[in-house]
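Trainee: As input, take entry03.txt (compact mmCIF, C-alpha atoms):
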```txt
# COMPACT_ATOMS: atom_id res chain seq x y z
CA MET A 13 0.00 0.00 0.00
CA ALA A 14 1.44 3.38 -1.07
CA ILE A 15 2.11 6.02 1.56
CA SER A 16 1.85 9.73 0.78
CA TYR A 17 4.55 12.10 1.99
CA LYS A 18 1.74 14.32 3.28
CA ASP A 19 0.79 11.59 5.74
CA LEU A 20 4.33 11.85 7.15
CA GLY A 21 4.09 15.63 7.55
CA LEU A 22 6.68 16.30 4.85
CA VAL A 23 6.65 18.92 2.08
CA ASN A 24 7.91 18.85 -1.49
CA THR A 25 10.42 21.35 -2.87
CA LYS A 26 8.22 23.52 -5.09
CA GLU A 27 7.47 26.45 -2.76
CA LEU A 28 10.82 26.16 -0.98
CA PHE A 29 12.70 26.58 -4.26
CA GLU A 30 10.53 29.49 -5.39
CA LYS A 31 11.33 31.34 -2.16
CA ALA A 32 15.03 30.44 -2.32
CA VAL A 33 15.48 31.67 -5.89
CA ALA A 34 13.67 34.92 -5.06
CA GLY A 35 15.59 35.33 -1.78
CA GLY A 36 19.11 34.58 -3.01
CA TYR A 37 19.87 31.58 -0.82
CA ALA A 38 20.09 27.79 -1.14
CA ILE A 39 18.24 25.09 0.79
CA PRO A 40 20.67 22.72 2.52
CA ALA A 41 20.49 19.14 1.27
CA TYR A 42 22.23 16.96 3.85
CA ASN A 43 22.63 13.20 3.50
CA PHE A 44 21.94 10.89 6.41
CA ASN A 45 22.36 7.18 7.07
CA ASN A 46 21.67 6.88 10.80
CA LEU A 47 19.98 8.44 13.83
CA GLU A 48 22.87 10.64 14.94
CA GLN A 49 23.24 12.23 11.51
CA MET A 50 19.52 12.95 11.30
CA GLN A 51 19.48 14.43 14.80
CA ALA A 52 22.41 16.71 14.00
CA ILE A 53 20.82 17.91 10.77
CA LEU A 54 17.49 18.70 12.41
CA LEU A 55 19.04 20.35 15.48
CA ALA A 56 21.21 22.56 13.26
CA CYS A 57 18.32 23.57 11.03
CA VAL A 58 15.86 24.21 13.86
CA GLU A 59 18.40 26.30 15.78
CA THR A 60 19.20 28.37 12.67
CA LYS A 61 15.53 28.35 11.53
CA SER A 62 16.43 26.90 8.14
CA PRO A 63 14.33 24.70 5.87
CA VAL A 64 16.01 21.38 5.17
CA ILE A 65 16.18 18.58 2.65
CA LEU A 66 16.96 15.21 4.23
CA GLN A 67 18.73 13.24 1.52
CA VAL A 68 18.82 9.47 1.21
CA SER A 69 21.00 7.71 -1.35
CA SER A 70 20.27 4.24 -2.67
CA GLY A 71 23.23 3.10 -0.58
CA ALA A 72 21.64 4.60 2.54
CA ARG A 73 18.40 2.75 1.84
CA LYS A 74 20.32 -0.51 1.64
CA TYR A 75 22.28 0.30 4.80
CA ALA A 76 19.46 1.55 7.02
CA ASN A 77 16.44 -0.27 5.51
CA ALA A 78 13.73 1.52 3.55
CA THR A 79 11.01 0.96 6.18
CA LEU A 80 13.16 2.24 9.01
CA LEU A 81 14.15 5.32 6.99
CA ARG A 82 10.51 6.12 6.28
CA ASN A 83 9.66 5.93 9.95
CA MET A 84 12.74 8.00 10.81
CA ALA A 85 11.37 10.67 8.47
CA ARG A 86 8.01 10.53 10.25
CA GLY A 87 9.86 10.85 13.54
CA ALA A 88 11.90 13.74 12.15
CA VAL A 89 8.79 15.87 11.70
CA GLU A 90 7.58 15.05 15.20
CA TYR A 91 11.05 15.73 16.60
CA VAL A 92 11.10 19.16 14.96
CA LYS A 93 7.82 20.00 16.66
CA GLU A 94 9.24 18.93 20.02
CA LEU A 95 12.24 21.22 19.48
CA GLY A 96 9.85 24.16 19.49
CA TYR A 97 10.22 25.70 16.03
CA GLU A 98 8.65 24.00 13.05
CA ILE A 99 10.71 24.02 9.87
CA PRO A 100 9.73 22.55 6.50
CA VAL A 101 11.28 19.10 5.98
CA VAL A 102 11.73 17.39 2.61
CA LEU A 103 12.65 13.72 2.24
CA HIS A 104 14.59 13.37 -1.01
CA LEU A 105 16.07 10.47 -2.96
CA ASP A 106 19.61 11.38 -3.98
CA HIS A 107 20.91 10.00 -7.30
CA GLY A 108 18.10 7.62 -8.12
CA ASP A 109 19.21 5.79 -11.25
CA THR A 110 16.11 3.83 -12.28
CA PHE A 111 12.39 4.44 -12.63
CA GLU A 112 11.73 1.50 -10.30
CA LEU A 113 13.82 2.99 -7.49
CA CYS A 114 12.16 6.39 -7.82
CA LYS A 115 8.69 4.80 -7.88
CA ASP A 116 9.45 2.76 -4.77
CA CYS A 117 10.58 5.88 -2.91
CA ILE A 118 7.50 7.83 -4.02
CA ASP A 119 5.28 4.96 -2.87
CA ASN A 120 7.08 4.96 0.49
CA GLY A 121 6.56 8.59 1.41
CA PHE A 122 9.41 10.49 -0.22
CA SER A 123 8.35 14.02 -1.13
CA SER A 124 11.08 14.57 -3.72
CA VAL A 125 13.19 12.31 -5.92
CA MET A 126 16.18 12.72 -8.18
CA ILE A 127 16.43 10.72 -11.36
CA ASP A 128 20.02 10.81 -12.55
CA GLY A 129 20.06 9.84 -16.20
CA SER A 130 23.29 11.70 -16.91
CA HIS A 131 25.15 8.46 -17.61
CA HIS A 132 22.76 7.75 -20.52
CA SER A 133 22.62 9.41 -23.92
CA TYR A 134 20.77 12.73 -24.03
CA GLU A 135 17.61 11.24 -25.53
CA GLU A 136 17.61 8.33 -23.08
CA ASN A 137 18.05 10.81 -20.22
CA VAL A 138 15.05 12.80 -21.49
CA ALA A 139 12.86 9.70 -21.80
CA LEU A 140 13.78 8.32 -18.35
CA THR A 141 13.38 11.67 -16.61
CA LYS A 142 10.00 12.28 -18.26
CA LYS A 143 8.76 8.86 -17.15
CA VAL A 144 9.71 9.57 -13.53
CA VAL A 145 8.20 13.07 -13.68
CA GLU A 146 4.85 11.75 -14.92
CA TYR A 147 4.60 9.25 -12.07
CA ALA A 148 5.89 11.65 -9.42
CA HIS A 149 3.65 14.55 -10.39
CA ALA A 150 0.61 12.28 -10.22
CA HIS A 151 1.49 11.89 -6.51
CA GLY A 152 2.45 15.51 -5.83
CA VAL A 153 6.17 14.67 -5.64
CA THR A 154 8.79 16.97 -7.15
CA VAL A 155 11.61 15.71 -9.38
CA GLU A 156 15.22 16.74 -9.85
CA GLY A 157 17.00 15.82 -13.10
CA GLU A 158 20.63 16.11 -14.12
CA LEU A 159 22.58 17.29 -17.15
CA GLY A 160 26.35 16.93 -17.16
CA VAL A 161 28.51 14.51 -15.16
CA LEU A 162 30.37 15.10 -11.88
CA ALA A 163 33.61 13.25 -11.29
CA GLY A 164 34.42 11.53 -7.99
CA VAL A 165 33.20 8.71 -5.78
CA GLU A 166 30.39 8.82 -3.23
CA ASP A 167 28.24 5.80 -2.29
CA ASP A 168 27.05 4.24 -5.56
CA VAL A 169 28.01 7.26 -7.69
CA VAL A 170 31.30 6.79 -9.53
CA ALA A 171 32.71 8.81 -12.45
CA GLU A 172 36.32 9.31 -13.44
CA GLU A 173 35.86 12.56 -15.35
CA SER A 174 33.52 15.53 -15.27
CA THR A 175 31.48 16.66 -18.25
CA TYR A 176 30.26 20.24 -17.95
CA THR A 177 26.58 20.90 -18.56
CA ARG A 178 25.88 22.18 -22.08
CA PRO A 179 23.76 25.35 -21.70
CA GLU A 180 22.28 24.84 -25.16
CA GLU A 181 20.56 21.64 -23.92
CA VAL A 182 18.90 22.87 -20.74
CA GLU A 183 15.86 24.62 -22.23
CA ASP A 184 14.93 21.62 -24.36
CA PHE A 185 15.51 19.21 -21.46
CA VAL A 186 13.34 21.14 -19.00
CA LYS A 187 10.55 21.63 -21.54
CA ARG A 188 10.42 18.00 -22.70
CA THR A 189 10.73 16.36 -19.28
CA GLY A 190 8.67 18.68 -17.07
CA VAL A 191 11.32 18.35 -14.38
CA ASP A 192 11.09 20.67 -11.33
CA SER A 193 14.79 21.37 -10.77
CA LEU A 194 18.04 20.67 -12.58
CA ALA A 195 21.39 19.51 -11.23
CA ILE A 196 24.25 20.90 -13.32
CA SER A 197 27.99 20.35 -13.60
CA ILE A 198 30.17 23.46 -13.33
CA GLY A 199 33.24 22.11 -11.54
CA THR A 200 32.03 20.54 -8.31
CA SER A 201 32.65 16.81 -7.74
CA HIS A 202 31.82 14.00 -5.35
CA GLY A 203 33.86 12.89 -2.36
CA ALA A 204 36.63 14.44 -0.24
CA HIS A 205 39.33 14.23 -2.91
CA LYS A 206 37.78 16.49 -5.52
CA PHE A 207 41.00 17.76 -7.06
CA THR A 208 44.55 16.48 -7.43
CA PRO A 209 47.41 18.67 -6.18
CA GLU A 210 48.39 19.20 -9.82
CA GLN A 211 45.01 20.82 -10.51
CA CYS A 212 45.44 23.28 -7.63
CA THR A 213 47.60 26.28 -6.86
CA LYS A 214 49.11 27.12 -3.47
CA ASN A 215 48.54 30.33 -1.54
CA GLU A 216 51.14 32.05 0.63
CA ASP A 217 50.37 29.64 3.49
CA GLY A 218 50.93 26.60 1.32
CA ILE A 219 47.21 25.71 1.23
CA LEU A 220 45.96 24.08 -1.96
CA ILE A 221 43.47 26.23 -3.86
CA PRO A 222 41.29 24.39 -6.40
CA PRO A 223 40.31 25.78 -9.81
CA PRO A 224 37.27 28.09 -9.68
CA LEU A 225 33.78 26.98 -10.55
CA GLN A 226 32.63 27.72 -14.09
CA PHE A 227 30.25 30.56 -13.25
CA GLU A 228 30.01 31.55 -16.91
CA ILE A 229 28.20 28.25 -17.58
CA LEU A 230 25.81 28.94 -14.70
CA GLU A 231 25.14 32.45 -15.99
CA GLU A 232 24.38 31.16 -19.49
CA ILE A 233 22.02 28.54 -18.07
CA GLU A 234 20.22 31.23 -16.06
CA LYS A 235 19.73 33.25 -19.24
CA ARG A 236 18.20 30.29 -21.04
CA ILE A 237 15.87 29.16 -18.20
CA PRO A 238 15.46 32.29 -16.04
CA GLY A 239 14.29 31.66 -12.49
CA PHE A 240 14.41 27.89 -12.87
CA PRO A 241 15.70 26.04 -9.76
CA ILE A 242 19.32 24.90 -10.17
CA VAL A 243 21.07 22.31 -7.98
CA LEU A 244 24.76 21.80 -7.17
CA HIS A 245 25.97 18.34 -6.18
CA GLY A 246 29.42 17.53 -4.78
CA SER A 247 29.60 20.80 -2.86
CA SER A 248 31.53 19.85 0.26
CA SER A 249 34.33 22.26 1.15
CA VAL A 250 36.47 19.63 2.95
CA PRO A 251 37.32 21.76 6.03
CA GLN A 252 41.05 21.51 6.58
CA ASP A 253 40.69 21.70 10.37
CA GLN A 254 38.65 18.48 10.28
CA VAL A 255 41.17 16.83 7.95
CA ALA A 256 43.95 17.85 10.36
CA ILE A 257 42.12 16.32 13.34
CA ILE A 258 41.59 13.07 11.44
CA ASN A 259 45.25 12.85 10.42
CA ALA A 260 46.48 13.81 13.90
CA ASN A 261 44.48 10.94 15.37
CA GLY A 262 45.55 8.07 13.17
CA GLY A 263 43.90 8.99 9.87
CA ALA A 264 45.50 9.13 6.45
CA LEU A 265 43.62 11.69 4.36
CA LYS A 266 46.09 13.04 1.84
CA ALA A 267 45.45 15.97 -0.51
CA ALA A 268 41.77 16.21 0.42
CA VAL A 269 40.55 19.43 -1.21
CA GLY A 270 37.00 20.78 -1.57
CA ILE A 271 35.01 23.69 -2.98
CA PRO A 272 35.84 27.07 -1.36
CA GLU A 273 32.91 28.28 0.70
CA GLU A 274 32.97 31.76 -0.82
CA GLN A 275 32.29 30.23 -4.23
CA LEU A 276 29.34 28.29 -2.86
CA ARG A 277 27.97 31.46 -1.28
CA LYS A 278 28.22 33.19 -4.65
CA ALA A 279 26.35 30.32 -6.29
CA ALA A 280 23.64 30.39 -3.60
CA LYS A 281 22.89 34.01 -4.44
CA SER A 282 21.98 32.99 -8.00
CA ALA A 283 19.38 30.50 -9.24
CA VAL A 284 21.18 27.74 -7.33
CA CYS A 285 18.56 26.97 -4.68
CA LYS A 286 19.73 23.53 -3.46
CA ILE A 287 23.28 22.64 -2.49
CA ASN A 288 24.22 19.07 -1.59
CA ILE A 289 26.70 18.45 1.22
CA ASP A 290 27.69 14.98 2.42
CA SER A 291 31.47 14.51 2.64
CA ASP A 292 31.91 17.45 5.03
CA GLY A 293 29.55 15.76 7.45
CA ARG A 294 31.42 12.50 7.22
CA LEU A 295 34.68 14.31 7.93
CA ALA A 296 33.28 16.13 10.97
CA MET A 297 31.89 12.94 12.50
CA THR A 298 35.01 10.90 11.75
CA ALA A 299 37.27 13.59 13.22
CA ALA A 300 35.28 13.66 16.48
CA ILE A 301 35.19 9.87 16.75
CA ARG A 302 38.90 9.44 16.02
CA LYS A 303 39.75 12.11 18.58
CA THR A 304 37.59 10.42 21.23
CA PHE A 305 39.17 7.02 20.64
CA ASN A 306 42.69 8.45 20.62
CA GLU A 307 42.15 10.32 23.89
CA ASN A 308 40.11 7.51 25.49
CA PRO A 309 41.30 4.21 23.95
CA GLY A 310 39.32 2.20 26.49
CA GLU A 311 35.98 3.74 25.53
CA PHE A 312 33.38 1.32 24.20
CA ASP A 313 30.05 3.05 24.90
CA PRO A 314 28.72 4.21 21.49
CA ARG A 315 27.00 7.18 23.13
CA LYS A 316 30.36 8.49 24.32
CA TYR A 317 31.78 8.74 20.78
CA LEU A 318 28.63 9.19 18.72
CA GLY A 319 27.47 12.02 20.99
CA PRO A 320 30.52 14.23 20.29
CA ALA A 321 30.28 13.28 16.60
CA ARG A 322 26.66 14.44 16.53
CA GLU A 323 27.57 17.73 18.19
CA SER A 324 30.44 18.34 15.76
CA LEU A 325 28.13 17.68 12.82
CA LYS A 326 25.48 20.03 14.21
CA GLU A 327 28.00 22.86 14.60
CA LEU A 328 29.27 22.33 11.04
CA TYR A 329 25.78 22.46 9.57
CA MET A 330 24.82 25.53 11.57
CA HIS A 331 27.86 27.24 10.04
CA LYS A 332 26.84 26.12 6.56
CA ASN A 333 23.30 27.46 6.97
CA GLU A 334 24.40 30.79 8.41
CA ASN A 335 27.54 31.58 6.43
CA VAL A 336 27.55 29.55 3.23
CA LEU A 337 24.03 28.76 2.03
CA GLY A 338 22.29 31.79 3.50
CA SER A 339 19.30 29.66 4.57
CA ALA A 340 19.28 30.68 8.24
CA GLN A 341 16.14 32.51 9.36
CA LYS A 342 14.35 31.49 6.12
CA ALA A 343 12.01 28.83 7.53
```
What's the structure tokens form of this structure?

Mentor:
Amino acid sequence: MAISYKDLGLVNTKELFEKAVAGGYAIPAYNFNNLEQMQAILLACVETKSPVILQVSSGARKYANATLLRNMARGAVEYVKELGYEIPVVLHLDHGDTFELCKDCIDNGFSSVMIDGSHHSYEENVALTKKVVEYAHAHGVTVEGELGVLAGVEDDVVAEESTYTRPEEVEDFVKRTGVDSLAISIGTSHGAHKFTPEQCTKNEDGILIPPPLQFEILEEIEKRIPGFPIVLHGSSSVPQDQVAIINANGGALKAAVGIPEEQLRKAAKSAVCKINIDSDGRLAMTAAIRKTFNENPGEFDPRKYLGPARESLKELYMHKNENVLGSAQKA
């Protein structure tokens, strides 16, 4: 029996994106796989009064179980009410790659889905995206499509090279598919190792600076589909303080470089109204856990290391909402 997202107290992205585009900010889209991650996301967004998109990858569904995730989403809405300030919550499938997966998520209470047909030919991408849109819209669910390919590795998403979005395709794609938002490729990428040292320059402090995002592509896309909601994937900044904590406590993250936050803030002031962040959260939690184990090697109570990890993640996401995405005080 199908379950509507409305029965879970969730919202879709339509009105949220309209407000974000008009207001010059981006809605945070944070991935979660477990309770502590979800708690941190909701605490951060309630405390900063930010709308939020809870993202679930196909890998997360396999890890946490689809039924448990659905009930976690129901609990998320109730938890937000208990925290004392109601924010809009979206439950979104990240990088759905088949119609069947998207349909299953829609039937299980997701309020938004992404169909990523970017690995297909253009015409196959159009056909697949249109099929998902038709089913989703019949259930009031919004759909995100993708044009262009992001390099990197994250969960089930793997690509060796990026392919920038072709602005001349976006108008046709949006018109023929009926999609509600569009993920584009302008230089972001998945994972914590987004750029090789050879692709970067060094500043006076010896810090690696990655190549800038291709804002001219974004600007051309905005001209062709003015006001249309644009999405950036692979937008973790890979905070070097978290990388340093990991490496100082037994880790081995070498040449981990992300997207500068000032570039993401610039993007959020445009038609980019959804920015995906996952790797930064993984880094913050891993840094806190490694530090706890290094300082207290005899610790075995999960609450004693997952608690600090949750707090570290909450602080990171509060910073993102307030200083990077501009979504604070927008709920």

Trainee: Using all atoms listed in the file, can you tell me which of A:Thr25, A:Val269, A:Ile196, A:His107 comes closest to Gln211 of chain A?

Mentor: A:Val269

Trainee: Point out the residue among A:Ala32, A:Cys117, A:Ala38, A:Ala343 with the least atom-to-atom distance to Leu276 of chain A, counting only C-alpha atoms.

Mentor: A:Ala38

Trainee: Taking (41.9, 14.3, 4.9) in the coordinates of the supplied file, I want to know which residues reach to within 12 Å of it, counting only C-alpha atoms; could you give the answer as a ChimeraX atom specification?

Mentor: /A:203-206,249-270,291-292,294-296,298-299

Trainee: Mind giving me the straight-line distance from atom CA of Ile229 of chain A to atom CA of Pro179 of chain A in Å, one decimal?

Mentor: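 Rounded to one decimal, the two atoms are 6.7 Å apart.
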
Trainee: Would you work out the distance separating atom CA of Pro63 of chain A from atom CA of Glu48 of chain A, expressed in Å to one decimal?

Mentor: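 Atom-to-atom, atom CA of Pro63 of chain A to atom CA of Glu48 of chain A, that is 18.8 Å.
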
Trainee: Tell me, as a PyMOL selection string, which residues lie within 10 Å of Leu103 of chain A, counting all atoms listed in the file; anything in the same chain fewer than 6 positions away does not count.

Mentor: chain A and resi 17+20+22-25+41+64-68+81-82+85-86+88+117+121-125

Trainee: So which residues touch Gly157 of chain A within 10 Å, counting all atoms listed in the file, skipping near sequence neighbours fewer than 6 positions away, as a list in words?

Mentor: His107, Gly108, Val125, Met126, Ile127, Asp128, Gly129, Ser130, Asn137, Val138, Leu140, Thr141, Lys142, Val144, Val145, Phe185, Val186, Thr189, Gly190, Val191, Asp192, Ser193, Leu194, Ala195, Ile196, Ile242 and Val243 of chain A

Trainee: Please save C-alpha atoms of the selected residues as a compact mmCIF listing (two decimals), keeping the file's coordinate frame.

Mentor:
```
# COMPACT_ATOMS: atom_id res chain seq x y z
CA HIS A 107 20.91 10.00 -7.30
CA GLY A 108 18.10 7.62 -8.12
CA VAL A 125 13.19 12.31 -5.92
CA MET A 126 16.18 12.72 -8.18
CA ILE A 127 16.43 10.72 -11.36
CA ASP A 128 20.02 10.81 -12.55
CA GLY A 129 20.06 9.84 -16.20
CA SER A 130 23.29 11.70 -16.91
CA ASN A 137 18.05 10.81 -20.22
CA VAL A 138 15.05 12.80 -21.49
CA LEU A 140 13.78 8.32 -18.35
CA THR A 141 13.38 11.67 -16.61
CA LYS A 142 10.00 12.28 -18.26
CA VAL A 144 9.71 9.57 -13.53
CA VAL A 145 8.20 13.07 -13.68
CA PHE A 185 15.51 19.21 -21.46
CA VAL A 186 13.34 21.14 -19.00
CA THR A 189 10.73 16.36 -19.28
CA GLY A 190 8.67 18.68 -17.07
CA VAL A 191 11.32 18.35 -14.38
CA ASP A 192 11.09 20.67 -11.33
CA SER A 193 14.79 21.37 -10.77
CA LEU A 194 18.04 20.67 -12.58
CA ALA A 195 21.39 19.51 -11.23
CA ILE A 196 24.25 20.90 -13.32
CA ILE A 242 19.32 24.90 -10.17
CA VAL A 243 21.07 22.31 -7.98
```

Trainee: A:Leu337, A:Ile287, A:Val102, A:Cys114: which is nearest Glu274 of chain A, counting only C-alpha atoms?

Mentor: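 Among the listed residues, A:Leu337 lies closest to Glu274 of chain A.
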
Trainee: Excluding same-chain residues fewer than 4 positions from Val161 of chain A, what lies within 7 Å of it counting only C-alpha atoms, as JSON, numbers by chain?

Mentor: {"A": [130, 174, 175, 176, 197]}

Trainee: Can you tell me, as a list of chain:residue names, what residues are no more than 12 Å from Gly71 of chain A when counting all atoms listed in the file, ignoring any on the same chain fewer than 2 positions away?

Mentor: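 After dropping sequence-adjacent residues, the list is A:Asn43, A:Phe44, A:Asn45, A:Gln67, A:Val68, A:Ser69, A:Arg73, A:Lys74, A:Tyr75, A:Ala76, A:Asn77, A:Ala78, A:Leu105, A:Asp106, A:His107, A:Gly108, A:Asp109, A:Leu113, A:Glu166, A:Asp167, A:Asp168, A:Val169.
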
Trainee: Per residue of segment 262-336 of chain A within 10 Å of segment 232-237 of chain A, what are the shortest atom pair and its distance in Å to one decimal, counting only C-alpha atoms, with rows by chain and residue number, as a Markdown table?

Mentor:
```
| residue | atom | partner | partner_atom | distance |
| --- | --- | --- | --- | --- |
| A:Ser282 | CA | A:Glu234 | CA | 8.4 |
| A:Ala283 | CA | A:Glu234 | CA | 6.9 |
| A:Val284 | CA | A:Glu234 | CA | 9.5 |
```

Trainee: For Gln275 of chain A, which residue out of A:Gly199, A:Pro314, A:Pro40, A:Pro309 is the nearest one, using all atoms listed in the file?

Mentor: A:Gly199

Trainee: So, counting only C-alpha atoms, which residue among A:Ile99, A:Leu225, A:Leu55, A:Val92 is closest to Lys342 of chain A?

Mentor: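 Ranked by minimum distance to Lys342 of chain A, first place goes to A:Ile99.
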
Trainee: Which residue out of A:Ala72, A:Met297, A:Ile118, A:Asn335 has the minimum interatomic distance to Pro320 of chain A when all atoms listed in the file are used?

Mentor: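 Nearest candidate to Pro320 of chain A out of A:Ala72, A:Met297, A:Ile118, A:Asn335: A:Met297.
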
Trainee: For atom CA of Arg188 of chain A and atom CA of Glu27 of chain A, determine how far apart the two atoms are, in Å to one decimal place.

Mentor: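 So the answer is 21.9 Å.
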